[in-house]
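To be precise, the following lines are model.cif, and they hold mmCIF, C-alpha atoms.
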data_input
#
loop_
_atom_site.label_atom_id
_atom_site.label_comp_id
_atom_site.auth_asym_id
_atom_site.auth_seq_id
_atom_site.Cartn_x
_atom_site.Cartn_y
_atom_site.Cartn_z
CA MET A 1 98.57 94.87 63.30
CA ASP A 2 97.11 98.37 63.11
CA ASP A 3 94.20 99.94 64.98
CA LYS A 4 91.71 99.15 62.20
CA ASP A 5 92.55 95.44 62.40
CA ASN A 6 91.97 95.50 66.18
CA GLN A 7 88.57 97.17 66.04
CA THR A 8 85.38 95.23 66.64
CA GLN A 9 82.33 96.34 64.73
CA ILE A 10 79.39 96.97 67.01
CA ASP A 11 76.06 98.24 65.73
CA HIS A 12 75.42 100.51 68.71
CA THR A 13 72.43 98.44 69.83
CA LEU A 14 72.67 99.98 73.32
CA THR A 15 70.32 102.91 72.75
CA ASP A 16 69.52 103.62 76.39
CA LEU A 17 72.57 104.78 78.29
CA PRO A 18 72.73 103.53 81.89
CA ASP A 19 72.05 105.86 84.77
CA ALA A 20 75.17 107.71 85.79
CA SER A 21 76.87 106.69 89.01
CA SER A 22 78.91 108.72 91.47
CA ASN A 23 81.43 105.86 91.17
CA TRP A 24 82.20 106.64 87.54
CA ALA A 25 85.60 107.77 86.30
CA LEU A 26 84.98 109.92 83.22
CA PHE A 27 87.52 110.20 80.38
CA LEU A 28 86.70 112.74 77.67
CA ASP A 29 88.20 113.32 74.25
CA PHE A 30 88.22 116.96 73.10
CA ASP A 31 87.95 117.59 69.34
CA GLY A 32 84.82 116.02 67.89
CA THR A 33 83.57 115.17 71.38
CA LEU A 34 83.48 118.26 73.59
CA VAL A 35 83.84 120.64 70.63
CA GLU A 36 82.89 120.33 66.97
CA ILE A 37 85.62 119.48 64.48
CA ALA A 38 86.85 122.63 62.69
CA SER A 39 88.46 123.01 59.29
CA GLN A 40 91.67 124.05 61.08
CA PRO A 41 92.78 122.98 64.59
CA ASP A 42 92.92 126.57 65.84
CA GLY A 43 89.42 127.26 64.55
CA VAL A 44 87.44 125.28 67.11
CA GLU A 45 84.75 127.06 69.10
CA VAL A 46 84.28 126.27 72.76
CA ALA A 47 80.68 126.59 73.93
CA ALA A 48 80.31 129.33 76.52
CA GLY A 49 79.14 127.00 79.25
CA LEU A 50 81.56 124.13 78.64
CA PRO A 51 84.30 125.05 81.17
CA GLU A 52 81.71 125.49 83.91
CA LEU A 53 80.03 122.20 82.93
CA LEU A 54 83.32 120.34 83.22
CA THR A 55 83.95 121.87 86.64
CA ARG A 56 80.52 120.77 87.85
CA LEU A 57 81.10 117.25 86.52
CA ASN A 58 84.46 117.10 88.24
CA ASP A 59 82.90 118.17 91.53
CA ALA A 60 80.06 115.67 91.17
CA LEU A 61 82.49 112.79 90.51
CA GLY A 62 84.95 113.63 93.25
CA GLY A 63 87.64 114.84 90.85
CA ALA A 64 87.51 111.71 88.67
CA VAL A 65 87.19 113.52 85.33
CA ALA A 66 90.08 113.62 82.85
CA LEU A 67 90.52 115.14 79.41
CA VAL A 68 92.34 112.78 77.02
CA SER A 69 93.32 114.55 73.82
CA GLY A 70 95.73 114.63 70.91
CA ARG A 71 96.19 118.35 71.59
CA GLY A 72 98.93 119.60 73.87
CA LEU A 73 98.07 120.45 77.47
CA ASP A 74 98.86 124.14 77.01
CA ASP A 75 96.50 124.26 74.03
CA ILE A 76 93.72 122.58 76.02
CA ASP A 77 94.19 125.04 78.88
CA ARG A 78 94.18 127.97 76.45
CA LEU A 79 90.84 126.87 75.05
CA LEU A 80 89.16 125.94 78.33
CA GLY A 81 90.81 128.44 80.66
CA ALA A 82 92.45 127.61 83.95
CA ASN A 83 90.96 124.46 85.45
CA SER A 84 91.86 121.74 87.91
CA LEU A 85 90.98 118.78 85.70
CA ALA A 86 93.33 115.90 85.22
CA ALA A 87 94.39 115.81 81.57
CA ALA A 88 96.56 114.01 79.05
CA GLY A 89 97.83 115.78 75.96
CA GLN A 90 99.47 114.51 72.79
CA HIS A 91 97.94 111.05 73.31
CA GLY A 92 99.43 110.76 76.78
CA LEU A 93 102.96 111.99 76.10
CA GLU A 94 102.27 114.78 78.59
CA ARG A 95 99.99 114.38 81.58
CA ARG A 96 98.59 116.33 84.51
CA ASP A 97 97.20 114.40 87.45
CA SER A 98 94.29 115.48 89.63
CA ALA A 99 96.73 117.22 92.00
CA GLY A 100 98.10 119.35 89.16
CA GLN A 101 101.47 117.54 88.84
CA ARG A 102 102.71 117.47 85.22
CA THR A 103 104.91 114.80 83.63
CA THR A 104 106.39 114.72 80.13
CA ALA A 105 107.73 111.74 78.20
CA THR A 106 111.27 111.62 76.86
CA ILE A 107 111.40 111.30 73.06
CA ASP A 108 113.92 111.36 70.21
CA ARG A 109 113.91 115.08 69.40
CA GLY A 110 116.37 114.69 66.53
CA ALA A 111 114.15 112.18 64.75
CA LEU A 112 111.10 114.37 65.35
CA ALA A 113 112.92 117.34 63.81
CA ASP A 114 113.80 115.27 60.73
CA ILE A 115 110.18 114.14 60.38
CA THR A 116 108.88 117.68 60.80
CA GLU A 117 111.26 119.11 58.19
CA ALA A 118 110.21 116.49 55.65
CA LEU A 119 106.52 117.19 56.24
CA GLU A 120 107.14 120.94 56.01
CA ARG A 121 108.55 120.37 52.53
CA PHE A 122 105.47 118.33 51.62
CA VAL A 123 103.06 121.02 52.83
CA ALA A 124 104.99 123.72 50.92
CA THR A 125 104.23 121.93 47.64
CA HIS A 126 100.67 120.79 48.41
CA PRO A 127 98.29 123.76 48.80
CA GLY A 128 95.50 123.18 51.29
CA THR A 129 97.47 120.80 53.47
CA ARG A 130 98.65 122.00 56.85
CA LEU A 131 101.25 120.90 59.36
CA GLU A 132 100.52 121.10 63.09
CA PRO A 133 103.62 120.64 65.27
CA LYS A 134 102.45 119.89 68.80
CA GLY A 135 105.77 119.63 70.61
CA MET A 136 106.20 115.87 70.72
CA THR A 137 104.06 114.86 67.76
CA VAL A 138 103.38 116.42 64.38
CA ALA A 139 100.08 116.20 62.50
CA LEU A 140 99.62 116.46 58.74
CA HIS A 141 96.10 117.72 57.95
CA PHE A 142 94.56 117.30 54.51
CA ARG A 143 90.92 118.18 55.33
CA ASN A 144 91.11 121.18 52.99
CA SER A 145 92.91 119.20 50.29
CA PRO A 146 91.38 115.70 50.16
CA ALA A 147 93.03 115.04 46.80
CA ALA A 148 96.39 115.05 48.59
CA GLU A 149 95.50 112.10 50.82
CA ALA A 150 97.30 109.43 48.80
CA GLU A 151 100.50 111.48 48.63
CA ALA A 152 100.22 112.35 52.33
CA ARG A 153 100.02 108.67 53.16
CA ALA A 154 102.98 107.95 50.91
CA VAL A 155 105.22 110.56 52.52
CA THR A 156 104.38 109.48 56.09
CA SER A 157 104.87 105.84 55.13
CA GLY A 158 108.29 106.71 53.69
CA LEU A 159 109.25 108.48 56.90
CA MET A 160 108.39 105.37 58.87
CA GLU A 161 110.91 103.41 56.83
CA ARG A 162 113.57 105.54 58.55
CA HIS A 163 111.97 106.25 61.90
CA GLY A 164 109.51 103.39 62.40
CA ALA A 165 111.45 101.91 65.31
CA ALA A 166 110.50 104.82 67.56
CA PHE A 167 107.57 106.52 65.78
CA HIS A 168 104.34 105.48 64.12
CA VAL A 169 101.49 107.10 62.20
CA GLN A 170 98.23 107.65 64.09
CA GLU A 171 95.27 108.11 61.75
CA GLY A 172 92.43 110.49 62.47
CA LYS A 173 89.72 112.37 60.59
CA MET A 174 91.53 113.75 57.52
CA VAL A 175 94.80 113.82 59.46
CA LEU A 176 97.91 111.66 59.78
CA GLU A 177 99.77 112.23 63.02
CA VAL A 178 103.34 111.04 63.50
CA LYS A 179 103.95 110.27 67.15
CA PRO A 180 106.35 108.33 69.36
CA LYS A 181 105.37 104.74 70.07
CA GLY A 182 104.27 103.52 73.47
CA SER A 183 101.69 106.09 74.51
CA THR A 184 98.00 105.96 73.55
CA LYS A 185 94.71 107.07 74.98
CA GLY A 186 94.37 103.52 76.25
CA THR A 187 97.63 103.69 78.22
CA VAL A 188 96.42 107.01 79.67
CA VAL A 189 93.26 105.36 80.99
CA GLU A 190 95.22 102.41 82.41
CA HIS A 191 97.61 104.78 84.19
CA LEU A 192 94.91 106.99 85.68
CA LEU A 193 92.85 104.02 86.86
CA SER A 194 95.80 103.06 89.06
CA GLU A 195 95.82 106.31 91.05
CA PRO A 196 93.38 108.39 93.12
CA PRO A 197 90.71 109.55 92.60
CA PHE A 198 90.20 107.23 89.61
CA VAL A 199 91.26 103.95 91.21
CA GLY A 200 88.39 101.54 91.98
CA ARG A 201 85.88 103.42 89.84
CA VAL A 202 83.93 102.30 86.77
CA PRO A 203 85.65 103.86 83.72
CA VAL A 204 83.63 105.69 81.06
CA PHE A 205 85.43 106.80 77.89
CA ILE A 206 83.78 109.14 75.39
CA GLY A 207 85.32 109.91 72.00
CA ASP A 208 84.63 110.13 68.29
CA ASP A 209 87.69 109.19 66.26
CA VAL A 210 89.98 106.28 65.46
CA THR A 211 92.43 107.66 68.03
CA ASP A 212 89.84 106.93 70.73
CA GLU A 213 89.57 103.22 69.95
CA ASP A 214 92.39 102.33 72.36
CA GLY A 215 90.46 104.07 75.12
CA PHE A 216 87.26 102.24 74.19
CA ARG A 217 88.98 98.86 74.33
CA VAL A 218 90.60 99.52 77.71
CA VAL A 219 87.36 100.57 79.42
CA ASN A 220 85.59 97.59 77.85
CA ASP A 221 88.26 95.31 79.33
CA HIS A 222 87.66 96.95 82.73
CA GLY A 223 83.90 96.41 82.52
CA GLY A 224 83.24 100.10 81.89
CA LEU A 225 81.26 102.06 79.33
CA SER A 226 82.59 103.12 75.92
CA ILE A 227 80.61 105.81 74.08
CA GLN A 228 81.16 107.05 70.56
CA ILE A 229 80.06 110.47 69.38
CA GLY A 230 78.66 109.99 65.87
CA THR A 231 78.23 106.89 63.72
CA ARG A 232 81.71 105.92 62.50
CA LEU A 233 82.18 102.18 62.02
CA PRO A 234 83.87 99.87 62.75
CA THR A 235 84.32 100.71 66.41
CA ALA A 236 84.83 99.04 69.76
CA ALA A 237 82.43 101.52 71.41
CA ARG A 238 79.35 99.90 72.91
CA ALA A 239 77.07 102.92 73.00
CA ARG A 240 76.52 106.02 70.92
CA ILE A 241 75.53 109.64 71.38
CA ALA A 242 74.63 111.32 68.11
CA SER A 243 76.27 114.73 68.44
CA VAL A 244 78.41 117.09 70.50
CA GLY A 245 75.30 119.03 71.50
CA GLU A 246 73.54 115.91 72.75
CA LEU A 247 76.64 114.98 74.75
CA HIS A 248 76.65 118.39 76.44
CA ALA A 249 72.99 117.92 77.40
CA TRP A 250 73.68 114.42 78.79
CA LEU A 251 76.71 115.56 80.77
CA GLY A 252 74.74 118.51 82.12
CA ASP A 253 72.04 116.15 83.35
CA ILE A 254 74.67 113.97 85.04
CA ALA A 255 76.21 116.99 86.77
CA ASP A 256 72.79 118.09 88.00
CA ARG A 257 71.73 114.67 89.29
CA LEU A 258 75.02 113.76 90.95
CA ALA A 259 75.80 117.16 92.46
CA PRO A 260 75.83 117.21 96.26
CA ALA A 261 72.35 118.16 97.43
CA ALA A 262 72.07 121.76 98.51
CA ILE A 263 71.07 122.39 102.12
CA ARG A 264 67.46 123.46 102.13
CA PRO A 265 65.96 125.97 104.54
CA GLY A 266 65.01 124.15 107.72
CA ASP A 267 67.54 121.36 107.19
CA GLU A 268 70.42 123.05 109.02
CA ALA A 269 71.83 121.34 112.10
CA GLY A 270 69.70 122.00 115.13
CA ASP A 271 66.42 122.45 113.23
CA ALA A 272 63.64 120.05 114.03
#
Could you render the structure from this file as structure tokens?
Amino acid sequence: MDDKDNQTQIDHTLTDLPDASSNWALFLDFDGTLVEIASQPDGVEVAAGLPELLTRLNDALGGAVALVSGRGLDDIDRLLGANSLAAAGQHGLERRDSAGQRTTATIDRGALADITEALERFVATHPGTRLEPKGMTVALHFRNSPAAEAEARAVTSGLMERHGAAFHVQEGKMVLEVKPKGSTKGTVVEHLLSEPPFVGRVPVFIGDDVTDEDGFRVVNDHGGLSIQIGTRLPTAARARIASVGELHAWLGDIADRLAPAAIRPGDEAGDA
């Protein structure tokens, strides 16, 4: 059964988001959530204040903020600059915990090379399509060539006839990503919720795409909050924020309200 079959359609009737709590654990998708989707993966624009906003959120939540993305960790760090956030790249195939320790999954590199070569041949004969090798996954983009979608699906489906025991196709917005089985944004959330500083907290997952549905379902199962950016249906998300810009504003408000109170003049120890 694929992700679409597992999704539950919810009409986003929760219009008023609950007040943020210092006991939240915040899991954030990147493309389409923290930054607008671009026509090419390397064309995204990071808002000038976003890195600082994420740092303030992380401080306000005691380090319990994690980026959960299909991008590689090095790519995330390149876009956001050096930071101390926990993060999972390539749908959890590589991870960095809150202490900065990185782990990388073991995959079948030979099979990945065979898949990549086949998709390179496809892209060479289909103008407007683009291949994005990420290290442990490979994404076939057809945003700039929507007419190629049916053939893109056919070629990835054919590859799964040979490599479907270890790999599967993860659908996204105008992209088909071939990735090893066993690691999803949902497994990332489950793993992080078992270790400090995330353990014991209420999980909140924010994302926009089909790839985020696993994360939505896991936080729902844990009694947390699932928030979709945009209006895509069906979805397991139980709340909605309309746009990337509105999300930034909401996160900024959370960082302001949960930040440790500054010491005011006259409040220092020893003052009456």
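If you look at CA of Leu193 in chain A and CA of Ser84 in chain A, they are 17.8 Å away from each other.
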*Contacts of range 211-218 of chain A at 8 Å (only C-alpha atoms; same-chain gap of 5+ positions) as a list in words*: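 My reading of the contact set: Asp3, Gln7, Asp29, Gln170, Glu171, Gly172, Thr184, Lys185, Gly186, Thr187, Val189, Glu190, Phe205, Ile206, Leu225, Ser226, Ile227, Thr235, Ala236 and Ala237 of chain A.
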*Using only C-alpha atoms, find the one residue out of A:Ala118, A:Ala48, A:Val169, A:Leu57 that sits nearest to Leu26 in chain A.*
A:Leu57
*Mind pulling up the distance from CA of Gly100 in chain A to CA of Gly62 in chain A?*
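Computed distance, CA of Gly62 in chain A to CA of Gly100 in chain A, equals 14.9 Å.
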Any chance you could tabulate, as a Markdown table, the residues of range 99-120 of chain A at most 9 Å from range 135-147 of chain A with each one's nearest atom pair and distance in Å to one decimal, using only C-alpha atoms, in chain and rising number order?
| residue | atom | partner | partner_atom | distance |
| --- | --- | --- | --- | --- |
| A:Ala105 | CA | A:Met136 | CA | 8.7 |
| A:Ile107 | CA | A:Met136 | CA | 7.3 |
| A:Asp108 | CA | A:Met136 | CA | 9.0 |
| A:Arg109 | CA | A:Met136 | CA | 7.9 |
| A:Leu112 | CA | A:Met136 | CA | 7.4 |
| A:Ile115 | CA | A:Val138 | CA | 8.2 |
| A:Thr116 | CA | A:Val138 | CA | 6.7 |
| A:Leu119 | CA | A:Leu140 | CA | 7.4 |
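Minimum distance to Leu53 in chain A across A:Pro260, A:Gly252, A:Gly89, A:Pro133 (counting all atoms listed in the file) occurs at A:Gly252.
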*Run the PyMOL selection byres ((chain A and resi 37) around 12) on the file and write out the hits as a ChimeraX atom specification.*
/A:29-36,38-46,143,172-175,208-209,229-230,243-244
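With only C-alpha atoms taken into account, the protein and nucleic acid residues at most 7 Å from range 71-78 of chain A (excluding it and anything under 5 positions from it in its own chain) are Ala88, Gly89, Gln90 and Lys134 of chain A.
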Taking all atoms of range 44-52 of chain A that the file lists, what box with edges along x, y and z, padded by 3 Å per side, do you get, with centre and edge lengths in Å to one decimal, as AutoDock Vina command-line options?
--center_x 83.3 --center_y 126.7 --center_z 75.5 --size_x 14.3 --size_y 11.2 --size_z 22.8
*Which of these, A:Glu195, A:Asp253, A:Asp114, A:Asp97, has the shortest distance to Leu85 in chain A once you count all atoms listed in the file?*
A:Asp97
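Between CA of Phe167 in chain A and CA of Arg232 in chain A the interatomic distance comes to 26.1 Å.
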Kindly complete range 56-74 of chain A to N, CA and C atoms; the output should be written as a compact mmCIF listing (two decimals), in the frame of the given file.
# COMPACT_ATOMS: atom_id res chain seq x y z
N ARG A 56 81.61 121.39 87.09
CA ARG A 56 80.52 120.77 87.85
C ARG A 56 80.59 119.25 87.80
N LEU A 57 80.94 118.70 86.63
CA LEU A 57 81.10 117.25 86.52
C LEU A 57 82.22 116.76 87.42
N ASN A 58 83.32 117.49 87.42
CA ASN A 58 84.46 117.10 88.24
C ASN A 58 84.10 117.11 89.72
N ASP A 59 83.35 118.10 90.14
CA ASP A 59 82.90 118.17 91.53
C ASP A 59 81.96 117.01 91.86
N ALA A 60 81.05 116.72 90.94
CA ALA A 60 80.06 115.67 91.17
C ALA A 60 80.71 114.29 91.25
N LEU A 61 81.83 114.10 90.54
CA LEU A 61 82.49 112.79 90.51
C LEU A 61 83.75 112.77 91.38
N GLY A 62 83.84 113.66 92.30
CA GLY A 62 84.95 113.63 93.25
C GLY A 62 86.31 113.82 92.61
N GLY A 63 86.37 114.58 91.52
CA GLY A 63 87.64 114.84 90.85
C GLY A 63 88.02 113.81 89.81
N ALA A 64 87.17 112.81 89.59
CA ALA A 64 87.51 111.71 88.67
C ALA A 64 87.04 112.01 87.24
N VAL A 65 87.44 113.16 86.72
CA VAL A 65 87.19 113.52 85.33
C VAL A 65 88.54 113.88 84.71
N ALA A 66 88.82 113.33 83.53
CA ALA A 66 90.08 113.62 82.85
C ALA A 66 89.83 113.89 81.37
N LEU A 67 90.53 114.87 80.84
CA LEU A 67 90.52 115.14 79.41
C LEU A 67 91.65 114.32 78.78
N VAL A 68 91.35 113.64 77.68
CA VAL A 68 92.34 112.78 77.02
C VAL A 68 92.34 113.17 75.55
N SER A 69 93.36 113.90 75.12
CA SER A 69 93.32 114.55 73.82
C SER A 69 94.62 114.37 73.04
N GLY A 70 94.53 114.56 71.73
CA GLY A 70 95.73 114.63 70.91
C GLY A 70 96.36 116.00 70.97
N ARG A 71 95.64 117.00 71.44
CA ARG A 71 96.19 118.35 71.59
C ARG A 71 97.18 118.39 72.75
N GLY A 72 98.04 119.40 72.75
CA GLY A 72 98.93 119.60 73.87
C GLY A 72 98.19 120.16 75.07
N LEU A 73 98.73 119.97 76.25
CA LEU A 73 98.07 120.45 77.47
C LEU A 73 97.93 121.97 77.47
N ASP A 74 98.95 122.68 77.03
CA ASP A 74 98.86 124.14 77.01
C ASP A 74 97.74 124.61 76.09
